[in-house]
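Peer 1: Would you mind keeping the following structure in view while I ask a few things?
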There are 2 protein chains.
Amino acid sequence: MRIVDIRETTVPLGSAMANAAIDFSKMTVSALAVVTDRVIEGKPVIGYGFNSNGRYGVGGILRERIIPRVLEAASDDLLDPASGLLDPARVWRVATANEKPGGHGERAFAVGALDMAIWDALAKAEERPLSETIADRLGDGPAERSVFVYAAGGYYDAEKGVAGLVDEMRGYLDQGYTQVKIKVGGAPLDEDRRRIEAVLAVAGEGANLAVDANGRFDLADAIAQAEMMAPYDLAWFEEPLDPLDYAAHAALASVYRQPIATGENLFHHRDAINLARHGGLRPAVDYLQFDPTLAYGLTEYLRIYDALAPLGWSGARHVPHGGHLFSLAIAAGLRLASSEAYPGVFKPFGGFVDGQRVEDGRVTMSDLPGIGVEGKSDLFAVLRPLAEG
Amino acid sequence: MRIVDIRETTVPLGSAMANAAIDFSKMTVSALAVVTDRVIEGKPVIGYGFNSNGRYGVGGILRERIIPRVLEAASDDLLDPASGLLDPARVWRVATANEKPGGHGERAFAVGALDMAIWDALAKAEERPLSETIADRLGDGPAERSVFVYAAGGYYDAEKGVAGLVDEMRGYLDQGYTQVKIKVGGAPLDEDRRRIEAVLAVAGEGANLAVDANGRFDLADAIAQAEMMAPYDLAWFEEPLDPLDYAAHAALASVYRQPIATGENLFHHRDAINLARHGGLRPAVDYLQFDPTLAYGLTEYLRIYDALAPLGWSGARHVPHGGHLFSLAIAAGLRLASSEAYPGVFKPFGGFVDGQRVEDGRVTMSDLPGIGVEGKSDLFAVLRPLAEG
């Protein structure tokens, strides 16, 4: 199995909305295709990768550093000698050669998109869903046949108001979701309280509602928000603080007894270990939300997972960020707590295979080989032109 | 004062050498020019910026995000209303709008190059050296007229061997440097010991020699290296460990009594604060080496400086990385301990103004307005075409 070409493009996200910290209207995403010489049923195996929402395309880094390293490598340096198939860890090593330590930003997103495509190609070469490839390699039981997913949305929108927010959430519940997430921190405390109470009126108990501050609070405001929210016993309080302010997380965790969730803006196992060491989070209570497409791919996600396990963090505390098929496959393969879903936003990258329904909060895995992007028509319409060169 | 255009390019570093972690032969650097409508003596004021060695050019991020934000901004959002001149902090805010927290990598380098050019243009509009603009704004005494600099080099080179290493160091001492730095960690302990002893034989006491491991050791190897080196009482042990492994730094600092130096691979005040909080370094002993061109510019460097001061870190513990005129001006303006110099490598970005000599380890500041790149002919030959569009 040899890599014939790697093609990338930048795609606008085009979501006209904002959270507490940023406006998405100018956001872009990198997408790429790894074309191989492996042929199955008369067609070449092609792996696809892309980044999650919220950062920007990294075409320059892909074109100038990451892709040339892989294309210039000797094929044997990219293959598992036992199977002759692409070895994600070897490709990763080649792709990240000659990079200094630290500074885990855009470079991590570029490698993340590539690594996703490599895993997709590998699972397709094995003619099975990625979740099964992952479960097999880790040997911790078979992949889950269905994954619990929660519906993330609830962005601030002055026109929609609280009534529109409730309509949005009711729509998710009608689609089969049982847990939803809304933004907090972009409005005064009283307005956030009204938003939470209005959503709970349709979602039921606090465990059905998570809230996300997108890192916008300082410690004092995070504590004030936590005190306001404590009586509702919510599913989790996400990104209460700057993701790198570990000491502030420890302070918040010392006063807020309910779950805290964070991690989507840490992109390397060194940062994840620092969060675990210095952030005061509680492995029996809190959630970790690393993003496999942004954090150097599944290859690095596994390093994070393995580094945190001895510190008490099991798969039941991991909820990957991103709301797409890659995180879903990883959640199934590693038997993680759940995976994010964006039923209303970040099309076409967010969402599942066409016709893949949510029932009682769970989505049943498709049988498509690889990640399954070929079964999501709006997404494949964006990715397919890459394969056609 | 208005920005008329911002032009960027990517320049190969072309240094055929390696440290313990990377090979520089494919390294690139971003360079840019901020052209303004301010005219002094018949010529427009143009600010120049670039990145330090060791990372890569970030042209994609500059072209797609950073430069358009600044060019699309209302001019008033970029100016100090009192002076009508460019305000680096306001430009910085505009340049970093709509960016999520965390992930301080390539984005920081792009903003760093821009911020450097803004400071250069500002000092030129004030018709004085940047060091004086900096000293004036901080109000902590006048800028230093000369800055202590140390000569960084001593890369591994099998052909050169120890004899060649000693020749290289002797050359720096002959040029007027009194303190030199060599690489460690790229060879067995015994070979590193021989390198250190050979250099000390020409450099004199241990305080005249620093060593740099470029983050390549794990804790056990760093301690072994430290134990080998302790009797020599060296100036500092630089980047002994992965720059983000704060707990390992604390462990090393608990057994190595001599100075440790790190920081060149941390690019935001949140990371710097984490190092200070969790890294166990000693404000009376150790050194911090943040790089103003890579860490979001001088604007962010000042935030780092201000955030660490209450934790005990004075200017006497800061030694900015980079070996160029920007770090030199900052060291003079903020009265820092010293600044790095690359007398032999990383041309044309490393080095000082033509004819600017080192005497007794100190370099006297030039009187050129701004950073002084116009007085460094090899560097200006690269930058000037940007101004000419």
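By convention here, the chains of the structure tokens are called A, B, ... in the order presented, each chain's residues are numbered starting at 1, and ligands are numbered starting at 1 in the order presented.
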For chain A, report every residue with an atom at most 8 Å from chain B (counting only C-alpha atoms), formatted as a ChimeraX atom specification.
Peer 2: /A:21-24,54-55,58-61,97-107,215,242-246,265-267,270-271,274,278
Peer 1: Can you tell me which residues surround B:Gly279 at a distance of at most 6 Å, considering only C-alpha atoms, apart from same-chain residues fewer than 2 positions away, and format the answer as a ChimeraX atom specification?
Peer 2: /B:246-247,249-250,275-276,281
Peer 1: Counting only C-alpha atoms, figure out which residue out of B:Ala31, B:Gly322, B:Gly47, B:Tyr342 gets nearest to B:Asp5.
Peer 2: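 Residue with the minimum atom-to-atom distance to B:Asp5: B:Gly47.
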Peer 1: From a DSSP pass on the backbone, collect the residues of stretch 292-369 of chain A flagged as helix (DSSP H, G or I) and hand them back as a PyMOL selection string.
Peer 2: chain A and resi 297-311+315-317+325-334
Peer 1: List as a PyMOL selection string the protein and nucleic acid residues near stretch 364-374 of chain B, meaning an atom at most 7 Å away when only C-alpha atoms are counted, but skip any in the same chain fewer than 5 places from it.
Peer 2: chain B and resi 120-121+123-124+127-130+145-147+325-326+329+353+356+379-380
Peer 1: Go ahead and compute the interatomic distance for atom CA of B:Ala220 and atom CA of A:Ala89, in Å to one decimal.
Peer 2: 25.1 Å
Peer 1: At a cut-off of 12 Å, using only C-alpha atoms, what residues contact A:Ala253? Leave out same-chain residues fewer than 4 positions from it and give the result as number ranges by chain.
Peer 2: A: 219, 222-223, 226-227, 236-237, 240-241, 246-249, 257-261, 278-283, 285-286
Peer 1: Within 10 Å of A:Arg193, counting only C-alpha atoms, which residues qualify if same-chain residues fewer than 2 places away don't, as a list in words?
Peer 2: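 Contacts, with the query itself left out: Val184, Ala187, Pro188, Leu189, Asp190, Glu191, Arg195, Ile196, Glu197, Ala198, Val199, Gln225, Met228, Met229 and Tyr232 of chain A.
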Peer 1: For the selection you just gave me, I'd like the residues written to a file as a PDB file, in the first residue's frame, keeping N, CA and C atoms.
Peer 2:
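Ended up saving to part-v8.pdb:
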```
ATOM      1  N   VAL A 184     -23.094  29.629  27.569  1.00  0.00           N
ATOM      2  CA  VAL A 184     -23.277  30.564  28.687  1.00  0.00           C
ATOM      3  C   VAL A 184     -22.111  31.554  28.664  1.00  0.00           C
ATOM      4  N   ALA A 187     -23.891  36.577  28.199  1.00  0.00           N
ATOM      5  CA  ALA A 187     -24.996  37.445  28.639  1.00  0.00           C
ATOM      6  C   ALA A 187     -24.883  37.597  30.156  1.00  0.00           C
ATOM      7  N   PRO A 188     -25.563  38.576  30.717  1.00  0.00           N
ATOM      8  CA  PRO A 188     -25.532  38.708  32.186  1.00  0.00           C
ATOM      9  C   PRO A 188     -26.053  37.445  32.867  1.00  0.00           C
ATOM     10  N   LEU A 189     -25.621  37.256  34.101  1.00  0.00           N
ATOM     11  CA  LEU A 189     -25.950  36.057  34.869  1.00  0.00           C
ATOM     12  C   LEU A 189     -27.454  35.777  34.875  1.00  0.00           C
ATOM     13  N   ASP A 190     -28.257  36.820  35.051  1.00  0.00           N
ATOM     14  CA  ASP A 190     -29.710  36.610  35.121  1.00  0.00           C
ATOM     15  C   ASP A 190     -30.270  36.087  33.814  1.00  0.00           C
ATOM     16  N   GLU A 191     -29.717  36.592  32.706  1.00  0.00           N
ATOM     17  CA  GLU A 191     -30.204  36.106  31.422  1.00  0.00           C
ATOM     18  C   GLU A 191     -29.783  34.654  31.217  1.00  0.00           C
ATOM     19  N   ARG A 195     -32.151  31.419  30.518  1.00  0.00           N
ATOM     20  CA  ARG A 195     -31.918  30.474  29.417  1.00  0.00           C
ATOM     21  C   ARG A 195     -31.873  29.042  29.935  1.00  0.00           C
ATOM     22  N   ILE A 196     -31.136  28.841  31.026  1.00  0.00           N
ATOM     23  CA  ILE A 196     -31.012  27.497  31.601  1.00  0.00           C
ATOM     24  C   ILE A 196     -32.373  26.976  32.058  1.00  0.00           C
ATOM     25  N   GLU A 197     -33.132  27.816  32.776  1.00  0.00           N
ATOM     26  CA  GLU A 197     -34.432  27.355  33.292  1.00  0.00           C
ATOM     27  C   GLU A 197     -35.397  27.050  32.154  1.00  0.00           C
ATOM     28  N   ALA A 198     -35.354  27.868  31.114  1.00  0.00           N
ATOM     29  CA  ALA A 198     -36.254  27.645  29.983  1.00  0.00           C
ATOM     30  C   ALA A 198     -35.922  26.336  29.277  1.00  0.00           C
ATOM     31  N   VAL A 199     -34.642  26.036  29.131  1.00  0.00           N
ATOM     32  CA  VAL A 199     -34.262  24.790  28.455  1.00  0.00           C
ATOM     33  C   VAL A 199     -34.578  23.586  29.343  1.00  0.00           C
ATOM     34  N   GLN A 225     -20.762  32.246  38.191  1.00  0.00           N
ATOM     35  CA  GLN A 225     -21.596  31.457  37.279  1.00  0.00           C
ATOM     36  C   GLN A 225     -21.867  30.076  37.895  1.00  0.00           C
ATOM     37  N   MET A 228     -24.402  30.267  40.640  1.00  0.00           N
ATOM     38  CA  MET A 228     -25.751  30.411  40.080  1.00  0.00           C
ATOM     39  C   MET A 228     -26.267  29.063  39.584  1.00  0.00           C
ATOM     40  N   MET A 229     -25.365  28.262  38.977  1.00  0.00           N
ATOM     41  CA  MET A 229     -25.815  27.039  38.304  1.00  0.00           C
ATOM     42  C   MET A 229     -25.899  25.823  39.221  1.00  0.00           C
ATOM     43  N   TYR A 232     -28.963  23.596  39.806  1.00  0.00           N
ATOM     44  CA  TYR A 232     -29.582  22.876  38.683  1.00  0.00           C
ATOM     45  C   TYR A 232     -28.917  21.524  38.416  1.00  0.00           C
TER      46      TYR A 232
END
```
Peer 1: Go through stretch 47-143 of chain A and collect every residue that DSSP, computed from the backbone, puts in strand (DSSP E); the answer should be as an MDAnalysis selection string.
Peer 2: chainID A and resid 47:50
Peer 1: Could you save the residues just selected, with N, CA and C atoms, as a tab-separated table (two decimals), in the first residue's frame?
Peer 2:
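Okay, again30.tsv is ready:
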```tsv
chain	number	residue	atom	x	y	z
A	47	GLY	N	-8.24	7.96	1.63
A	47	GLY	CA	-8.58	8.37	2.98
A	47	GLY	C	-8.87	9.86	2.99
A	48	TYR	N	-9.87	10.25	3.79
A	48	TYR	CA	-10.23	11.66	3.89
A	48	TYR	C	-10.02	12.18	5.31
A	49	GLY	N	-9.60	13.44	5.39
A	49	GLY	CA	-9.44	14.06	6.70
A	49	GLY	C	-9.86	15.51	6.66
A	50	PHE	N	-10.21	16.05	7.81
A	50	PHE	CA	-10.54	17.47	7.91
A	50	PHE	C	-10.42	17.88	9.37
```
Peer 1: Find the spatial neighbours of A:Asp136, counting only C-alpha atoms, within a cut-off of 12 Å - ignore same-chain residues fewer than 4 positions away - and output them as a PyMOL selection string.
Peer 2: chain A and resi 123+126+128-132+140-144+332-334
Peer 1: Residues within 8 Å of A:Val94, please, as number ranges by chain. Count only C-alpha atoms; anything in the same chain fewer than 6 positions from it doesn't count.
Peer 2: A: 69-70, 73, 77-78
Peer 1: Please compute the atom CA of A:Phe217-atom CA of A:Val255 distance, one decimal, in Å.
Peer 2: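 Pair atom CA of A:Phe217 / atom CA of A:Val255 returns 15.5 Å.
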Peer 1: Nearest to A:Asp80: which of A:Met1, A:Leu200, A:Ala158, A:Leu114 is it, counting only C-alpha atoms?
Peer 2: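 Smallest separation from A:Asp80 among the options: A:Met1.
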